[in-house]
$ cat structure35.cif   # mmCIF, C-alpha atoms and all ligand atoms
data_upload
loop_
_atom_site.label_atom_id
_atom_site.label_comp_id
_atom_site.auth_asym_id
_atom_site.auth_seq_id
_atom_site.Cartn_x
_atom_site.Cartn_y
_atom_site.Cartn_z
CA MET R 1 62.80 -4.86 24.97
CA SER R 2 65.58 -7.34 24.38
CA ASP R 3 64.95 -11.05 24.19
CA PRO R 4 67.22 -13.48 26.01
CA GLN R 5 70.10 -14.41 23.76
CA PRO R 6 70.04 -18.04 22.64
CA PRO R 7 73.37 -19.70 23.34
CA ALA R 8 75.80 -19.41 20.43
CA SER R 9 76.17 -23.16 20.47
CA PRO R 10 73.42 -25.08 22.29
CA ALA R 11 74.36 -28.06 24.40
CA ASN R 12 74.63 -30.84 21.87
CA ASP R 13 75.32 -34.37 22.95
CA VAL R 14 74.21 -35.96 19.67
CA SER R 15 76.92 -37.74 17.73
CA ARG R 16 77.17 -37.65 13.95
CA ASP R 17 76.39 -41.41 13.91
CA GLN R 18 73.22 -40.87 15.91
CA ALA R 19 72.14 -38.10 13.53
CA GLU R 20 72.72 -40.37 10.53
CA ASP R 21 70.76 -43.19 12.25
CA ALA R 22 67.86 -40.78 12.74
CA VAL R 23 67.83 -40.05 9.01
CA ARG R 24 67.69 -43.81 8.30
CA VAL R 25 64.67 -44.08 10.62
CA LEU R 26 62.90 -41.26 8.75
CA LEU R 27 63.66 -42.92 5.41
CA ARG R 28 62.06 -46.12 6.70
CA TRP R 29 59.11 -44.12 8.07
CA ALA R 30 58.66 -42.66 4.57
CA GLY R 31 58.53 -46.19 3.12
CA GLU R 32 62.09 -46.47 1.85
CA ASP R 33 64.88 -48.98 2.25
CA PRO R 34 67.91 -47.06 3.62
CA ALA R 35 70.14 -49.93 2.42
CA ARG R 36 69.18 -49.27 -1.21
CA GLU R 37 72.26 -48.21 -3.15
CA GLY R 38 71.00 -44.72 -4.03
CA LEU R 39 70.28 -43.97 -0.38
CA LEU R 40 73.47 -45.33 1.19
CA ASP R 41 75.18 -41.93 1.44
CA THR R 42 71.99 -39.97 2.08
CA PRO R 43 72.23 -39.92 5.90
CA LYS R 44 75.77 -38.54 5.61
CA ARG R 45 74.62 -35.88 3.13
CA VAL R 46 71.66 -34.89 5.27
CA ALA R 47 73.85 -34.52 8.38
CA LYS R 48 76.19 -32.31 6.36
CA ALA R 49 73.27 -30.29 4.99
CA TYR R 50 72.03 -29.73 8.56
CA ARG R 51 75.41 -28.19 9.44
CA ASP R 52 74.73 -25.67 6.64
CA TRP R 53 71.00 -25.04 7.13
CA PHE R 54 71.37 -24.68 10.90
CA SER R 55 74.77 -23.03 11.09
CA GLY R 56 73.16 -20.12 12.95
CA TYR R 57 73.41 -22.02 16.24
CA GLN R 58 77.19 -21.70 16.00
CA LEU R 59 77.03 -17.94 15.33
CA ASP R 60 76.72 -15.04 17.73
CA PRO R 61 74.83 -12.24 15.89
CA ASP R 62 75.86 -9.62 18.47
CA GLU R 63 79.50 -10.16 17.57
CA TYR R 64 78.91 -8.96 14.00
CA LEU R 65 77.75 -5.59 15.30
CA ALA R 66 80.54 -5.16 17.84
CA ARG R 67 82.71 -3.18 15.40
CA THR R 68 81.09 0.19 14.80
CA PHE R 69 82.21 3.37 13.09
CA LYS R 70 81.67 6.55 15.07
CA GLU R 71 82.40 9.07 12.35
CA VAL R 72 80.88 8.67 8.91
CA CYS R 73 80.95 12.33 7.84
CA GLY R 74 78.33 13.17 10.45
CA TYR R 75 75.77 11.00 8.63
CA ASP R 76 72.62 10.97 10.71
CA GLU R 77 69.90 9.93 8.27
CA MET R 78 68.18 6.61 7.90
CA ILE R 79 70.22 3.63 6.68
CA VAL R 80 68.29 0.85 4.95
CA LEU R 81 69.33 -2.49 3.55
CA ARG R 82 66.51 -3.99 1.58
CA ASP R 83 65.95 -7.33 -0.19
CA ILE R 84 68.30 -9.37 2.02
CA GLU R 85 67.52 -12.87 0.81
CA PHE R 86 67.38 -15.54 3.48
CA GLU R 87 66.68 -19.24 3.86
CA SER R 88 65.26 -20.54 7.10
CA HIS R 89 63.19 -23.46 8.41
CA CYS R 90 59.96 -23.31 10.32
CA GLU R 91 60.14 -24.81 13.76
CA HIS R 92 56.71 -26.42 13.43
CA HIS R 93 57.33 -28.59 10.38
CA MET R 94 61.08 -28.19 9.73
CA ALA R 95 60.06 -27.02 6.25
CA PRO R 96 61.90 -24.21 4.42
CA ILE R 97 60.94 -20.56 4.76
CA ILE R 98 62.35 -18.59 1.84
CA GLY R 99 62.19 -14.84 1.79
CA LYS R 100 63.62 -11.38 2.03
CA ALA R 101 64.40 -9.19 5.00
CA HIS R 102 64.50 -5.40 4.99
CA VAL R 103 66.40 -3.70 7.78
CA GLY R 104 66.67 -0.01 8.61
CA TYR R 105 67.92 2.11 11.47
CA LEU R 106 68.36 5.74 12.39
CA PRO R 107 71.89 6.01 13.77
CA ASN R 108 72.71 7.74 17.00
CA GLY R 109 76.45 8.23 16.52
CA LYS R 110 77.27 4.60 15.65
CA VAL R 111 77.00 2.86 12.30
CA VAL R 112 78.06 -0.63 11.20
CA GLY R 113 79.43 -2.05 7.98
CA ILE R 114 76.34 -2.86 5.92
CA SER R 115 77.29 -6.50 5.28
CA LYS R 116 77.01 -7.04 9.03
CA LEU R 117 73.25 -6.44 8.92
CA ALA R 118 72.92 -9.22 6.35
CA ARG R 119 75.10 -11.46 8.55
CA VAL R 120 72.79 -10.83 11.50
CA VAL R 121 69.80 -11.84 9.34
CA ASP R 122 71.56 -15.08 8.36
CA ALA R 123 72.66 -15.91 11.91
CA TYR R 124 69.01 -15.89 13.01
CA ALA R 125 67.58 -17.36 9.80
CA LYS R 126 69.80 -20.44 9.90
CA ARG R 127 67.94 -21.86 12.87
CA PHE R 128 64.49 -23.35 13.41
CA GLN R 129 62.29 -20.31 13.37
CA VAL R 130 58.91 -18.70 13.67
CA GLN R 131 58.87 -15.67 11.40
CA GLU R 132 57.56 -13.30 14.09
CA LYS R 133 60.34 -14.39 16.47
CA MET R 134 63.05 -13.99 13.85
CA THR R 135 61.79 -10.49 12.98
CA ALA R 136 61.94 -9.41 16.62
CA GLN R 137 65.32 -11.04 17.22
CA ILE R 138 66.93 -9.09 14.37
CA ALA R 139 65.44 -5.77 15.52
CA ASN R 140 66.39 -6.37 19.15
CA CYS R 141 69.95 -7.33 18.21
CA ILE R 142 70.45 -4.07 16.27
CA GLU R 143 68.94 -2.04 19.09
CA ARG R 144 71.18 -3.72 21.68
CA ALA R 145 74.37 -3.22 19.71
CA LEU R 146 73.93 0.26 18.18
CA GLN R 147 71.46 1.98 20.52
CA PRO R 148 70.09 3.82 17.47
CA LEU R 149 67.20 6.30 17.55
CA GLY R 150 65.06 3.67 15.89
CA VAL R 151 65.07 0.30 14.13
CA GLY R 152 62.72 -1.27 11.61
CA VAL R 153 62.70 -4.84 10.35
CA VAL R 154 60.22 -6.15 7.78
CA ILE R 155 60.30 -9.76 6.60
CA GLU R 156 58.48 -11.33 3.67
CA GLY R 157 58.51 -15.12 3.81
CA ALA R 158 57.07 -17.98 1.79
CA HIS R 159 56.46 -20.99 4.03
CA GLU R 160 56.81 -24.33 2.31
CA CYS R 161 54.74 -25.94 5.04
CA MET R 162 51.86 -23.99 3.45
CA THR R 163 52.76 -24.61 -0.19
CA THR R 164 54.01 -28.20 -0.47
CA ARG R 165 51.79 -29.70 2.23
CA GLY R 166 48.87 -28.91 4.52
CA VAL R 167 46.70 -26.14 3.11
CA HIS R 168 48.65 -26.08 -0.24
CA LYS R 169 48.45 -22.36 -0.98
CA ARG R 170 51.06 -21.11 -3.44
CA GLY R 171 52.09 -17.49 -3.85
CA VAL R 172 51.24 -16.55 -0.28
CA SER R 173 53.70 -14.25 1.50
CA MET R 174 53.75 -13.76 5.23
CA ILE R 175 54.78 -10.22 6.11
CA THR R 176 55.97 -9.37 9.61
CA SER R 177 57.46 -6.22 11.05
CA LYS R 178 59.15 -5.07 14.20
CA MET R 179 59.51 -1.33 14.75
CA LEU R 180 61.43 0.10 17.70
CA GLY R 181 62.09 3.65 18.92
CA SER R 182 61.32 6.38 16.37
CA PHE R 183 60.22 3.77 13.80
CA ARG R 184 57.42 2.87 16.18
CA GLU R 185 56.63 6.29 17.63
CA ASP R 186 57.10 8.67 14.71
CA ALA R 187 54.71 8.13 11.81
CA ARG R 188 56.98 10.06 9.39
CA THR R 189 60.04 7.91 10.18
CA ARG R 190 58.01 4.75 9.77
CA ALA R 191 56.54 6.04 6.49
CA GLU R 192 60.01 6.93 5.16
CA PHE R 193 61.25 3.41 5.94
CA LEU R 194 58.23 1.75 4.34
CA GLN R 195 58.64 3.96 1.29
CA PHE R 196 62.33 2.99 0.99
CA ILE R 197 61.63 -0.75 1.16
CA ASP R 198 58.48 -0.57 -0.98
CA VAL R 199 57.37 -4.06 0.02
CA GLY R 200 55.24 -6.09 -2.32
CA PRO R 201 55.22 -7.87 -5.66
CA GLY R 202 54.33 -4.72 -7.64
CA ARG R 203 57.67 -2.97 -7.44
N1 LIG Y 1 52.50 -17.54 13.11
C1 LIG Y 1 53.29 -18.41 12.43
N2 LIG Y 1 52.78 -19.60 12.08
C2 LIG Y 1 53.58 -20.43 11.41
C3 LIG Y 1 54.91 -20.14 11.04
N3 LIG Y 1 55.42 -21.20 10.36
C4 LIG Y 1 54.43 -22.11 10.32
N4 LIG Y 1 53.31 -21.66 10.95
C5 LIG Y 1 51.99 -22.27 11.20
O1 LIG Y 1 52.06 -23.07 12.34
C6 LIG Y 1 50.82 -23.75 12.41
C7 LIG Y 1 50.97 -25.08 13.10
O2 LIG Y 1 49.66 -25.55 13.23
P1 LIG Y 1 49.26 -27.02 13.71
O3 LIG Y 1 47.77 -27.15 13.63
O4 LIG Y 1 49.92 -27.30 15.03
O5 LIG Y 1 50.00 -27.94 12.64
P2 LIG Y 1 49.40 -28.65 11.34
O6 LIG Y 1 48.34 -29.64 11.74
O7 LIG Y 1 50.56 -29.21 10.58
O8 LIG Y 1 48.71 -27.44 10.58
P3 LIG Y 1 48.48 -27.18 9.03
O9 LIG Y 1 49.72 -26.51 8.49
O10 LIG Y 1 47.29 -26.28 8.96
O11 LIG Y 1 48.25 -28.52 8.36
C8 LIG Y 1 50.32 -23.82 10.98
O12 LIG Y 1 49.15 -23.03 10.90
C9 LIG Y 1 51.44 -23.19 10.15
O13 LIG Y 1 50.98 -22.52 9.01
C10 LIG Y 1 55.41 -18.87 11.43
O14 LIG Y 1 56.56 -18.51 11.19
N5 LIG Y 1 54.56 -18.05 12.13
ZN ZN Y 2 55.68 -24.82 9.15
#

$ encode --input "structure35.cif" --output "structure tokens"
Amino acid sequence: MSDPQPPASPANDVSRDQAEDAVRVLLRWAGEDPAREGLLDTPKRVAKAYRDWFSGYQLDPDEYLARTFKEVCGYDEMIVLRDIEFESHCEHHMAPIIGKAHVGYLPNGKVVGISKLARVVDAYAKRFQVQEKMTAQIANCIERALQPLGVGVVIEGAHECMTTRGVHKRGVSMITSKMLGSFREDARTRAEFLQFIDVGPGR
């Protein structure tokens, strides 16, 4: 099942000045004086940081997978990229989610350059996210582009909305997975993938 593609660049009628004004309002809401010398350039810096943290809205993940290689010496075994570090933000609190993604697929005649899988992870991570949604988006994107025999995506994320505020639980990892095709239907394929990525703090 493929999810509707979010637009590469959502309609955005907010000016840079308006964004900086919004930061000043939040500074005041926090109890600060935005006119204080140390904070004068902060709205500008935050607007610039947003362009970095949320650069995913300007990226089209499908484009990264458009260039495929048909012949890689007849390779038809599982390909896995594990420990892809990512930085994202939760859409509920706008707080960081820091973690690792593990991506695998069983090719069906088409493979991609491995860096492209990490680029797909980043293109979805650098948006406001829910971890379950991001996991499914990455898997669906790979399935759409490569039509492989199967895809597996496992994400481990630490949510700062749970560590620095709210319930204040440190060291908690959220683990999500999305398995498609043979990764979902064939227990041996799934087991091979899980063995390759060996998720968990013990490894
Ligand atoms: N399932 C899921 N939940 C998330 C994710 N990121 C944050 N959350 C949770 O979203 C929930 C939002 O709950 P609310 O009760 O609306 O917000 P809140 O009052 O700030 O909740 P607390 O965090 O418990 O203080 C919280 O339980 C968060 O832990 C995510 O990626 N997936
Ligand atoms: Zn949150």

$ residues_around --input "structure35.cif" --residues "Arg82 (chain R)" --least-positions-apart "2" --cutoff "12 Å" --atoms "only C-alpha atoms" --output "ChimeraX atom specification"
/R:79-80,84-86,99-105,114-115,117-118,121,152-156,193-199

$ residues_near_ligand --input "structure35.cif" --ligand "ligand ZN 2 (chain Y)" --cutoff "12 Å" --atoms "all atoms listed in the file" --output "JSON, numbers by chain"
{"R": [88, 89, 90, 91, 92, 93, 94, 95, 96, 97, 98, 128, 129, 130, 131, 157, 158, 159, 160, 161, 162, 163, 164, 165, 166, 167, 168, 174]}

$ closest_residue --input "structure35.cif" --among "R:Gly109, R:Pro61, R:Gly150, R:Gly38" --to "Lys178 (chain R)" --atoms "all atoms listed in the file"
R:Gly150

$ closest_residue --input "structure35.cif" --among "R:Val23, R:Asp62, R:Trp29, R:Asn12" --to "Ala123 (chain R)" --atoms "all atoms listed in the file"
R:Asp62

$ closest_residue --input "structure35.cif" --among "R:Lys110, R:Ser173, R:Phe183, R:Ala19" --to "Ala49 (chain R)" --atoms "only C-alpha atoms"
R:Ala19

$ closest_residue --input "structure35.cif" --among "R:Val120, R:Ala136, R:Leu146, R:Val151" --to "Thr176 (chain R)" --atoms "all atoms listed in the file"
R:Ala136
